Every structure is written in structure tokens, then in C-alpha cells.
Amino acid sequence: MKARFFMMLGAVAGAVAADHPPEALSAGSATVFNDGKDAYSLALGNISRETRRQFVVGNSFFNENWIIAPASAQARDGLGPLFHARSCSSCHTKDGRGAPPSGDEPMTGLLLRLSVPGQDAQGGPRPDPRYGGQLAVRALPGSLPEAEVAVRWVPSQRRLPDGETVELRHPEFGPFTWHYGPPAADLLIGPRLAQPVYGSGLLEAISEATLRGLADPDDRNGDGISGRPNEVWSGEFQKTMMGRFGWKANQPTLRQQTADAFLGDIGITSSLHPTESLTAAQEPTLGQLPNGGSPELSDHLLDRVVTYVQTLAVPARRLLDDPQARLGEKLFAQVNCSACHLPEVATGSEHPIKELRDQTIRPYTDLLLHDLGEPLSDHRPDFLASGSEWRTPPLWGIGLNAEVNGNAFYLHDGRARSLQEAILWHDGEAKASREAFEKLSKAERGALLAFLESL
């Protein structure tokens with residue numbers, strides 16, 4: 001009966017995809033048609049029976065809280081001793097984006113990267129000697145987190161050429177209450193809002209040659225856009241690879257990104273990270289606490305969570321017959337937003353998951369680094385990425401963010417509370433496009449935003 005059910009699901013998904021125009025198929029035949037609260041949490045529309053089984057197991061371990069060791073549920077124990085959240089879904093709410101803290105609540109959907117000037121042995125950021133590479137705001141009972149920190153939002157005004165005034169804001173972090181001594185005097189802090197995870201497998205399936213072919217580091221075509229790849233260290237493969245995930249494209253694969261998040265966010269070890277990430281200042285007290293074994297996350301379960309992330313679908317584009325959204329699509333290209341937010345690309349034919357291969361997808365990203373100028377700089381390098389360089393975030397599915405996540409926070413630190421605010425923060429390579437957007441009439445700006453809401 002189950003086999004027949006899964007076969008029917010695959011047939012229905014293929015039929016649904018065939019019944020819609022190509023523009024609606026954000027993820028090719030893997031697209032799903034759902035605009036409700038679960039729109040980001042569905043399996044690929046073309047998923048096979050075997051892959052779906054792996055998806056279901058991974059879904060459980062992505063969403064369930066990890067618990068303190070020792071416990072009877074040995075597959076889920078080992079939380080901490082320092083951690084940011086208790087589950088993957090605590091930050092990536094319903095597989096979408098996180099939210100910055102409100103009031104005095106601790107951070108969950110937003111975290112702080114830490115480093116000091118210079119590079120480590122692999123060319124990446126140098127961690128703070130006392131606090132490592134990421135601030136842990138939670139700890140096991142009886143222990144102290146690394147710090148408490150306040151977030152203050154600083155308002156500003158942007159006046160557009162037609163007289164409309166838009167209120168913007170940016171965060172300031174502090175004061176910090178440090179619990180393991182003072183950090184380095186030259187500490188660098190990089191806020192990071194949890195990004196959506198749906199569609200990640202399709203982005204991983206784009207060939208490296210395709211992405212490198214989109215790069216124009218010397219701006220040879222003279223359009224002011226000079227995207228370039230980040231070159232990052234793979235601990236899994238022990239070599240430098242092209243980065244494509246994370247705000248700075250500092251992660252080469254979803255497996256490494258997942259293992260890094262388990263360790264840094266939840267305090268869970270794996271074969272990629274067999275020891276807790278404690279510094280010498282923390283080891284004497286925290287290193288003696290019980291753990292969930294070594295490693296706490298088996299390769300089998302790590303692979304299932306990775307498969308889950310790889311096979312999360314992308315919802316279809318909507319409002320294809322809406323005149324306002326159609327006008328906005330033309331304006332999006334006219335002001336050259338599409339130079340970085342590339343509308344269409346094809347996946348390659350070599351990804352281990354066959355459902356991801358040879359798909360024409362519409363992610364609105366090139367996965368390359370672009371310099372967005374001083375207003376968005378966090379002054380913290382990450383491999384080749386400077387403080388002001390950011391990976392182009394995908395836009396597919398962005399119009400359902402409020403429906404799924406119940407909020408609207410954008411950019412790397414969640415400062416933008418609307419898509420218009422996000423656009424108005426663009427500078428550097430995107431300055432000309434931002435200025436062109438500002439010069440549009442109010443109705444035209446509304447049309448461009450309506451287009452984004454249709455994705």
C-alpha cells in the first residue's frame with residue numbers, strides 16, 4: 001500500500017508540473033504547488049519513494065529538540081555544553097528564515113560570528129582565543145553561556161526623489177556580559193540571520209563550471225557588476241573548494257554546513273567534528289560535563305538530515321496573470337537587479353540525488369560574492385570575502401515569507417523589515433540599481449515589489 005501511495009505521489013507531481021507554464025516552475029519538475037504555512041517544508045515534487053523515506057527520517061532529526069546526556073533517547077542526547085539552539089528548526093523556522101531578537105529575549109534566529117584579524121591555517125577567519133568562532137548564548141543547567149548581549153536598533157531616514165520617506169534601521173550589539181573572561185581587544189563580530197533552507201539541494205546541484213562561468217571579477221563587460229566565487233576550505237575533503245552556502249558563501253557543501261551547524265549551534269559532535277568546540281578557557285569547567293558519546297551524531301543520521309535539506313522543495317511562482325507583478329518583472333530587469341539575482345539557471349547531471357539533476361530552476365541568485373558597499377559591511381573577512389562582500393541570496397519563495405514565518409526580516413542581520421527596506425540598503429555594486437529603483441514612480445516601485453511577492 002505504501003509503495004503504491006508513493007508511486008501515485010510521484011505521478012501526480014509530474015502531472016501538476018506539466019499542467020503549468022515553465023515560469024511557474026521555480027524548481028523545474030521538483031516544484032511544489034503550495035502557498036500555505038507549510039510551503040517551505042515539503043519534499044521535492046518529483047521525489048522518489050526511496051528518497052522520501054530518507055526525507056522523513058531527516059525531517060524528524062531536523063525538527064526535534066536535542067536533550068541533555070545521558071538519556072534514554074541516546075540518538076538524540078548530547079546537547080551542549082554550550083549551544084545557540086536545541087534544534088535546527090529553532091533557527092530555521094518551518095525551514096524558512098529566522099528573526100532577530102525582540103526586546104530582551106535571547107538570540108535564536110540571529111547569531112554572532114566571532115573572529116580576530118588575520119586568517120587561520122586554511123585561510124578562514126581566526127577564532128577568538130577565548131570564545132572561538134561563534135557566540136553561544138545558552139548553556140546546560142548549572143553552567144554559564146559565553147555571554148549575554150543586548151541588541152539596540154538605530155533608526156535612520158531615507159528620502160526618495162518623489163518625496164516618500166522610508167524609515168530604515170540597523171543593529172548595534174552591546175553591552176556584552178562575558179562569562180569566561182574578556183575577548184580579544186580587536187574582536188570582530190558578524191551577525192548572521194538564519195537563512196531559508198528550502199531549495200538548497202538544487203543550488204548544490206548547479207555545476208561548479210556553470211557558477212564560475214557567471215563570475216566577472218574584473219567587470220570585463222563594464223556593467224559595474226563583478227561577482228566572484230569564494231574559495232573555502234573543506235574539512236570533509238581536505239582541500240579548497242568553491243563556496244556556495246552561507247551569507248559569505250563560506251560553505252562548500254550541505255554536508256559540511258550541516259555538520260558545522262550541529263557543532264556550533266547545538267553542541268553536537270559528528271565524524272566531521274569529533275570533539276566539542278571548547279577553548280582552553282572553557283575546558284576546565286565545561287569539558288567535564290556528560291556528553292552523548294563520540295560522535296553524538298552518527299554518520300547515518302547526519303546523512304539523513306543532509307538528505308532532508310537537499311530535498312526540501314521550492315514553492316511555485318504565483319500571480320503569473322497579475323498585470324502589476326508582470327510590470328514589476330520588467331522593471332526588475334530594467335533596473336538590473338537581475339545581474340546578480342539571476343532569474344534562471346540549470347542544475348548539472350552529476351548530483352547523487354537523481355531528482356535534482358538536469359532541472360531548469362529559477363532561484364534568482366548567482367551564488368557569487370558581490371560588494372554591497374560600506375552601509376552593509378560587517379568589517380569581518382571570511383576566506384576571500386571582504387567585510388562588504390555577500391553572496392547573492394536566492395529570492396525564490398520569498399513572497400511567502402510572512403505567511404510561513406509570520407515575519408518579514410531580511411539581509412544578513414535582519415535589519416530590513418520589508419523588501420523595499422532591503423533594496424534601499426544596497427550600495428557598492430548594487431548602487432546603480434538601487435538609485436534606479438528610487439527614481440521609479442511610487443506605482444512602479446509597488447509593481448516591482450509585487451513581482452518579488454509573486455516569487
# chains A, B, ... in the order shown; residues from 1 in each chain; ligands from 1

$ closest_atom_pairs --of "stretch 68-178 of chain A" --to "stretch 392-416 of chain A" --cutoff "8 Å" --atoms "only C-alpha atoms" --output "tab-separated table"
residue	atom	partner	partner_atom	distance
A:Thr93	CA	A:Asn405	CA	6.5
A:Lys94	CA	A:Asn405	CA	6.9
A:Gly96	CA	A:Asn405	CA	6.6
A:Arg97	CA	A:Asn405	CA	7.2
A:Gly98	CA	A:Phe409	CA	7.8
A:Ala99	CA	A:Phe409	CA	6.3
A:Pro100	CA	A:Gly414	CA	5.9
A:Leu110	CA	A:Asp413	CA	7.1
A:Leu168	CA	A:Ala416	CA	7.2
A:Arg169	CA	A:Arg415	CA	5.9
A:His170	CA	A:Arg415	CA	5.2
A:Pro171	CA	A:Arg415	CA	6.7

$ write_last_selection --atoms "N, CA and C atoms" --output "PDB file, in the first residue's frame"
ATOM      1  N   THR A  93      12.955  28.461  11.135  1.00  0.00           N
ATOM      2  CA  THR A  93      11.556  28.196  11.460  1.00  0.00           C
ATOM      3  C   THR A  93      10.784  27.717  10.243  1.00  0.00           C
ATOM      4  N   LYS A  94      10.207  26.521  10.349  1.00  0.00           N
ATOM      5  CA  LYS A  94       9.431  25.918   9.259  1.00  0.00           C
ATOM      6  C   LYS A  94      10.232  25.931   7.970  1.00  0.00           C
ATOM      7  N   GLY A  96      12.253  28.076   6.914  1.00  0.00           N
ATOM      8  CA  GLY A  96      12.443  29.407   6.359  1.00  0.00           C
ATOM      9  C   GLY A  96      13.506  30.184   7.112  1.00  0.00           C
ATOM     10  N   ARG A  97      13.397  31.515   7.087  1.00  0.00           N
ATOM     11  CA  ARG A  97      14.422  32.353   7.696  1.00  0.00           C
ATOM     12  C   ARG A  97      14.098  32.646   9.144  1.00  0.00           C
ATOM     13  N   GLY A  98      15.137  33.009   9.891  1.00  0.00           N
ATOM     14  CA  GLY A  98      14.966  33.341  11.289  1.00  0.00           C
ATOM     15  C   GLY A  98      14.541  34.783  11.489  1.00  0.00           C
ATOM     16  N   ALA A  99      14.458  35.162  12.752  1.00  0.00           N
ATOM     17  CA  ALA A  99      14.086  36.529  13.119  1.00  0.00           C
ATOM     18  C   ALA A  99      15.068  37.035  14.170  1.00  0.00           C
ATOM     19  N   PRO A 100      15.417  38.315  14.135  1.00  0.00           N
ATOM     20  CA  PRO A 100      16.261  38.874  15.192  1.00  0.00           C
ATOM     21  C   PRO A 100      15.505  38.923  16.505  1.00  0.00           C
ATOM     22  N   LEU A 110      19.011  34.680  15.094  1.00  0.00           N
ATOM     23  CA  LEU A 110      20.170  35.503  14.743  1.00  0.00           C
ATOM     24  C   LEU A 110      21.323  35.057  15.633  1.00  0.00           C
ATOM     25  N   LEU A 168      14.537  53.426   7.969  1.00  0.00           N
ATOM     26  CA  LEU A 168      15.437  52.285   7.990  1.00  0.00           C
ATOM     27  C   LEU A 168      15.945  52.091   9.418  1.00  0.00           C
ATOM     28  N   ARG A 169      16.685  51.016   9.638  1.00  0.00           N
ATOM     29  CA  ARG A 169      17.289  50.783  10.940  1.00  0.00           C
ATOM     30  C   ARG A 169      18.493  49.856  10.760  1.00  0.00           C
ATOM     31  N   HIS A 170      19.409  49.880  11.716  1.00  0.00           N
ATOM     32  CA  HIS A 170      20.496  48.907  11.742  1.00  0.00           C
ATOM     33  C   HIS A 170      20.786  48.551  13.197  1.00  0.00           C
ATOM     34  N   PRO A 171      21.344  47.360  13.451  1.00  0.00           N
ATOM     35  CA  PRO A 171      21.550  46.932  14.838  1.00  0.00           C
ATOM     36  C   PRO A 171      22.905  47.365  15.392  1.00  0.00           C
TER      37      PRO A 171
END

$ residues_around --residues "stretch 307-324 of chain A" --least-positions-apart "4" --cutoff "9 Å" --atoms "only C-alpha atoms" --output "PyMOL selection string"
chain A and resi 23-27+30-35+39-45+47+51-52+54-59+62+95+197-204+254-255+258+302-303+328-329+353+355-356+396-397+399-400+444+446-448+450-451+453-455

$ closest_residue --among "A:Asn230, A:Ser89, A:Gln74, A:Asn250" --to "A:Glu296" --atoms "only C-alpha atoms"
A:Gln74

$ closest_atom_pairs --of "stretch 230-332 of chain A" --to "stretch 120-124 of chain A" --cutoff "10 Å" --atoms "only C-alpha atoms" --output "Markdown table"
| residue | atom | partner | partner_atom | distance |
| --- | --- | --- | --- | --- |
| A:Glu231 | CA | A:Gly123 | CA | 9.1 |
| A:Val232 | CA | A:Gly124 | CA | 7.2 |
| A:Trp233 | CA | A:Gln122 | CA | 6.1 |
| A:Ser234 | CA | A:Gln122 | CA | 9.1 |
| A:Gly235 | CA | A:Gln122 | CA | 9.4 |
| A:Gln238 | CA | A:Gln122 | CA | 9.7 |
| A:Lys239 | CA | A:Gln122 | CA | 9.0 |
| A:Thr240 | CA | A:Gln122 | CA | 8.3 |
| A:Asn250 | CA | A:Gly124 | CA | 8.6 |

$ select_by_dssp --residues "stretch 164-358 of chain A" --states "alpha helix (DSSP H)" --output "ChimeraX atom specification"
/A:200-204,208-214,254-261,283-286,299-310,323-334

$ write_last_selection --atoms "N, CA and C atoms" --output "tab-separated table (two decimals), in the first residue's frame"
chain	number	residue	atom	x	y	z
A	200	SER	N	17.85	24.11	-1.17
A	200	SER	CA	19.31	24.07	-1.06
A	200	SER	C	19.93	22.98	-1.92
A	201	GLY	N	19.26	21.83	-2.01
A	201	GLY	CA	19.81	20.75	-2.82
A	201	GLY	C	19.91	21.11	-4.28
A	202	LEU	N	18.95	21.85	-4.78
A	202	LEU	CA	19.00	22.29	-6.18
A	202	LEU	C	20.16	23.26	-6.41
A	203	LEU	N	20.42	24.12	-5.43
A	203	LEU	CA	21.57	25.02	-5.55
A	203	LEU	C	22.87	24.23	-5.52
A	204	GLU	N	22.91	23.19	-4.71
A	204	GLU	CA	24.10	22.34	-4.65
A	204	GLU	C	24.31	21.59	-5.96
A	208	GLU	N	29.81	23.43	-10.72
A	208	GLU	CA	30.79	24.47	-10.42
A	208	GLU	C	31.18	25.23	-11.67
A	209	ALA	N	31.28	24.53	-12.80
A	209	ALA	CA	31.64	25.20	-14.06
A	209	ALA	C	30.61	26.26	-14.43
A	210	THR	N	29.33	25.94	-14.22
A	210	THR	CA	28.28	26.91	-14.52
A	210	THR	C	28.43	28.17	-13.67
A	211	LEU	N	28.65	27.99	-12.38
A	211	LEU	CA	28.76	29.14	-11.47
A	211	LEU	C	30.02	29.95	-11.77
A	212	ARG	N	31.12	29.28	-12.03
A	212	ARG	CA	32.35	30.02	-12.35
A	212	ARG	C	32.19	30.78	-13.66
A	213	GLY	N	31.38	30.23	-14.56
A	213	GLY	CA	31.14	30.92	-15.83
A	213	GLY	C	30.34	32.20	-15.67
A	214	LEU	N	29.62	32.34	-14.54
A	214	LEU	CA	28.85	33.56	-14.29
A	214	LEU	C	29.71	34.67	-13.68
A	254	LEU	N	26.50	21.02	1.51
A	254	LEU	CA	25.46	20.98	2.53
A	254	LEU	C	25.84	20.03	3.67
A	255	ARG	N	26.62	19.02	3.39
A	255	ARG	CA	27.02	18.10	4.46
A	255	ARG	C	27.94	18.81	5.45
A	256	GLN	N	28.90	19.57	4.92
A	256	GLN	CA	29.78	20.29	5.83
A	256	GLN	C	29.01	21.38	6.58
A	257	GLN	N	28.15	22.10	5.87
A	257	GLN	CA	27.38	23.15	6.54
A	257	GLN	C	26.51	22.55	7.65
A	258	THR	N	25.92	21.40	7.41
A	258	THR	CA	25.07	20.77	8.41
A	258	THR	C	25.88	20.31	9.62
A	259	ALA	N	27.02	19.67	9.39
A	259	ALA	CA	27.86	19.23	10.50
A	259	ALA	C	28.39	20.41	11.29
A	260	ASP	N	28.77	21.48	10.62
A	260	ASP	CA	29.23	22.69	11.32
A	260	ASP	C	28.13	23.28	12.18
A	261	ALA	N	26.90	23.28	11.66
A	261	ALA	CA	25.78	23.84	12.42
A	261	ALA	C	25.45	22.97	13.63
A	283	GLU	N	37.43	24.70	28.82
A	283	GLU	CA	37.61	23.26	29.00
A	283	GLU	C	37.62	22.82	30.47
A	284	PRO	N	38.29	23.54	31.38
A	284	PRO	CA	38.36	23.05	32.77
A	284	PRO	C	36.99	22.84	33.43
A	285	THR	N	36.02	23.66	33.12
A	285	THR	CA	34.70	23.51	33.74
A	285	THR	C	33.72	22.78	32.82
A	286	LEU	N	33.63	23.17	31.56
A	286	LEU	CA	32.63	22.61	30.65
A	286	LEU	C	33.04	21.26	30.10
A	299	ASP	N	27.02	8.99	11.42
A	299	ASP	CA	27.05	9.33	10.00
A	299	ASP	C	25.72	9.04	9.34
A	300	HIS	N	25.07	7.97	9.77
A	300	HIS	CA	23.77	7.61	9.18
A	300	HIS	C	22.75	8.73	9.39
A	301	LEU	N	22.67	9.24	10.62
A	301	LEU	CA	21.69	10.29	10.89
A	301	LEU	C	22.12	11.62	10.29
A	302	LEU	N	23.42	11.90	10.29
A	302	LEU	CA	23.89	13.12	9.63
A	302	LEU	C	23.48	13.09	8.16
A	303	ASP	N	23.68	11.96	7.51
A	303	ASP	CA	23.32	11.86	6.09
A	303	ASP	C	21.82	12.01	5.88
A	304	ARG	N	21.01	11.54	6.81
A	304	ARG	CA	19.57	11.69	6.65
A	304	ARG	C	19.15	13.15	6.78
A	305	VAL	N	19.75	13.87	7.72
A	305	VAL	CA	19.43	15.30	7.85
A	305	VAL	C	19.89	16.05	6.60
A	306	VAL	N	21.05	15.70	6.08
A	306	VAL	CA	21.53	16.35	4.86
A	306	VAL	C	20.58	16.07	3.70
A	307	THR	N	20.13	14.82	3.58
A	307	THR	CA	19.18	14.50	2.52
A	307	THR	C	17.89	15.29	2.67
A	308	TYR	N	17.44	15.43	3.91
A	308	TYR	CA	16.24	16.24	4.16
A	308	TYR	C	16.42	17.66	3.62
A	309	VAL	N	17.56	18.29	3.96
A	309	VAL	CA	17.81	19.65	3.49
A	309	VAL	C	17.92	19.67	1.97
A	310	GLN	N	18.57	18.67	1.40
A	310	GLN	CA	18.77	18.63	-0.05
A	310	GLN	C	17.45	18.46	-0.80
A	323	PRO	N	-1.25	41.84	-13.81
A	323	PRO	CA	-0.55	42.88	-14.59
A	323	PRO	C	0.50	43.64	-13.79
A	324	GLN	N	0.21	43.91	-12.51
A	324	GLN	CA	1.17	44.65	-11.70
A	324	GLN	C	2.46	43.84	-11.51
A	325	ALA	N	2.32	42.56	-11.18
A	325	ALA	CA	3.50	41.71	-10.99
A	325	ALA	C	4.27	41.56	-12.29
A	326	ARG	N	3.58	41.48	-13.41
A	326	ARG	CA	4.25	41.36	-14.71
A	326	ARG	C	5.03	42.63	-15.03
A	327	LEU	N	4.44	43.80	-14.74
A	327	LEU	CA	5.18	45.06	-14.92
A	327	LEU	C	6.40	45.06	-14.01
A	328	GLY	N	6.23	44.63	-12.79
A	328	GLY	CA	7.35	44.59	-11.86
A	328	GLY	C	8.48	43.71	-12.34
A	329	GLU	N	8.15	42.60	-13.01
A	329	GLU	CA	9.18	41.71	-13.54
A	329	GLU	C	10.03	42.44	-14.58
A	330	LYS	N	9.36	43.24	-15.44
A	330	LYS	CA	10.10	44.02	-16.44
A	330	LYS	C	10.98	45.08	-15.78
A	331	LEU	N	10.45	45.71	-14.74
A	331	LEU	CA	11.22	46.74	-14.04
A	331	LEU	C	12.40	46.14	-13.29
A	332	PHE	N	12.23	44.93	-12.76
A	332	PHE	CA	13.31	44.22	-12.07
A	332	PHE	C	14.51	44.05	-13.01
A	333	ALA	N	14.22	43.68	-14.26
A	333	ALA	CA	15.29	43.56	-15.26
A	333	ALA	C	15.79	44.93	-15.70
A	334	GLN	N	14.88	45.89	-15.81
A	334	GLN	CA	15.26	47.23	-16.29
A	334	GLN	C	16.25	47.93	-15.37

$ select_by_dssp --residues "stretch 7-157 of chain A" --states "strand (DSSP E or B)" --output "PDB file with C-alpha atoms, in the first residue's frame"
ATOM      1  CA  VAL A  32       5.541  22.077  -5.346  1.00  0.00           C
ATOM      2  CA  ALA A  43       9.550  17.266  -0.255  1.00  0.00           C
ATOM      3  CA  ILE A  67      18.365  16.681  25.055  1.00  0.00           C
ATOM      4  CA  ASP A  77      21.203  13.205  23.551  1.00  0.00           C
ATOM      5  CA  LEU A  82      27.366  25.470  25.078  1.00  0.00           C
ATOM      6  CA  PHE A  83      24.764  25.974  22.394  1.00  0.00           C
ATOM      7  CA  LEU A 110      20.170  35.503  14.743  1.00  0.00           C
ATOM      8  CA  LEU A 111      23.680  34.530  15.831  1.00  0.00           C
ATOM      9  CA  LEU A 112      27.028  36.282  16.107  1.00  0.00           C
ATOM     10  CA  ARG A 113      30.177  35.063  14.364  1.00  0.00           C
ATOM     11  CA  LEU A 114      33.402  35.947  16.185  1.00  0.00           C
ATOM     12  CA  SER A 115      36.951  36.311  14.897  1.00  0.00           C
ATOM     13  CA  VAL A 116      40.110  38.373  15.187  1.00  0.00           C
ATOM     14  CA  PRO A 117      42.092  39.962  12.341  1.00  0.00           C
ATOM     15  CA  GLY A 118      44.101  37.599  10.170  1.00  0.00           C
ATOM     16  CA  GLN A 119      43.496  34.100   8.793  1.00  0.00           C
ATOM     17  CA  PRO A 125      38.638  33.598   9.887  1.00  0.00           C
ATOM     18  CA  ARG A 126      40.807  33.307  13.009  1.00  0.00           C
ATOM     19  CA  ASP A 128      38.780  34.477  19.189  1.00  0.00           C
ATOM     20  CA  GLY A 132      36.025  30.628  19.429  1.00  0.00           C
ATOM     21  CA  GLN A 134      30.612  31.767  17.340  1.00  0.00           C
ATOM     22  CA  ARG A 138      22.845  29.217  26.059  1.00  0.00           C
ATOM     23  CA  ALA A 139      24.428  26.543  28.264  1.00  0.00           C
ATOM     24  CA  ALA A 147      27.832  35.937  27.146  1.00  0.00           C
ATOM     25  CA  GLU A 148      24.630  37.890  27.373  1.00  0.00           C
ATOM     26  CA  VAL A 149      24.279  40.633  24.819  1.00  0.00           C
ATOM     27  CA  ALA A 150      21.745  43.363  24.147  1.00  0.00           C
ATOM     28  CA  VAL A 151      20.647  44.467  20.681  1.00  0.00           C
ATOM     29  CA  ARG A 152      19.727  48.076  20.016  1.00  0.00           C
ATOM     30  CA  TRP A 153      18.102  49.189  16.778  1.00  0.00           C
ATOM     31  CA  VAL A 154      19.264  52.550  15.462  1.00  0.00           C
ATOM     32  CA  PRO A 155      16.743  54.288  13.162  1.00  0.00           C
ATOM     33  CA  SER A 156      17.500  56.455  10.136  1.00  0.00           C
ATOM     34  CA  GLN A 157      15.521  58.048   7.328  1.00  0.00           C
TER      35      GLN A 157
END

$ residues_around --residues "A:Gln420" --least-positions-apart "6" --cutoff "9 Å" --atoms "only C-alpha atoms" --output "list of chain:residue names"
A:Val166, A:Arg445, A:Leu449

$ write_last_selection --atoms "N, CA and C atoms" --output "PDB file, in the first residue's frame"
ATOM      1  N   VAL A 166      11.238  56.779   3.911  1.00  0.00           N
ATOM      2  CA  VAL A 166      11.231  55.403   4.405  1.00  0.00           C
ATOM      3  C   VAL A 166      12.126  55.342   5.636  1.00  0.00           C
ATOM      4  N   ARG A 445       7.479  51.329  -8.210  1.00  0.00           N
ATOM      5  CA  ARG A 445       8.140  50.631  -7.108  1.00  0.00           C
ATOM      6  C   ARG A 445       7.218  49.567  -6.520  1.00  0.00           C
ATOM      7  N   LEU A 449       7.887  45.459  -6.293  1.00  0.00           N
ATOM      8  CA  LEU A 449       7.720  44.720  -5.048  1.00  0.00           C
ATOM      9  C   LEU A 449       6.655  43.633  -5.190  1.00  0.00           C
TER      10      LEU A 449
END

$ atom_distance --atom1 "atom CA of A:Asp378" --atom2 "atom CA of A:Arg244"
19.3 Å

$ closest_residue --among "A:Arg49, A:Lys439, A:His426, A:Arg86" --to "A:Trp390" --atoms "only C-alpha atoms"
A:His426

$ closest_residue --among "A:Ser388, A:Gly227, A:Ser102, A:Pro191" --to "A:Ala215" --atoms "only C-alpha atoms"
A:Gly227

$ closest_residue --among "A:Pro217, A:Pro295, A:Pro127, A:Gly174" --to "A:Asp186" --atoms "only C-alpha atoms"
A:Pro127

$ atom_distance --atom1 "atom CA of A:His84" --atom2 "atom CA of A:Pro381"
22.4 Å
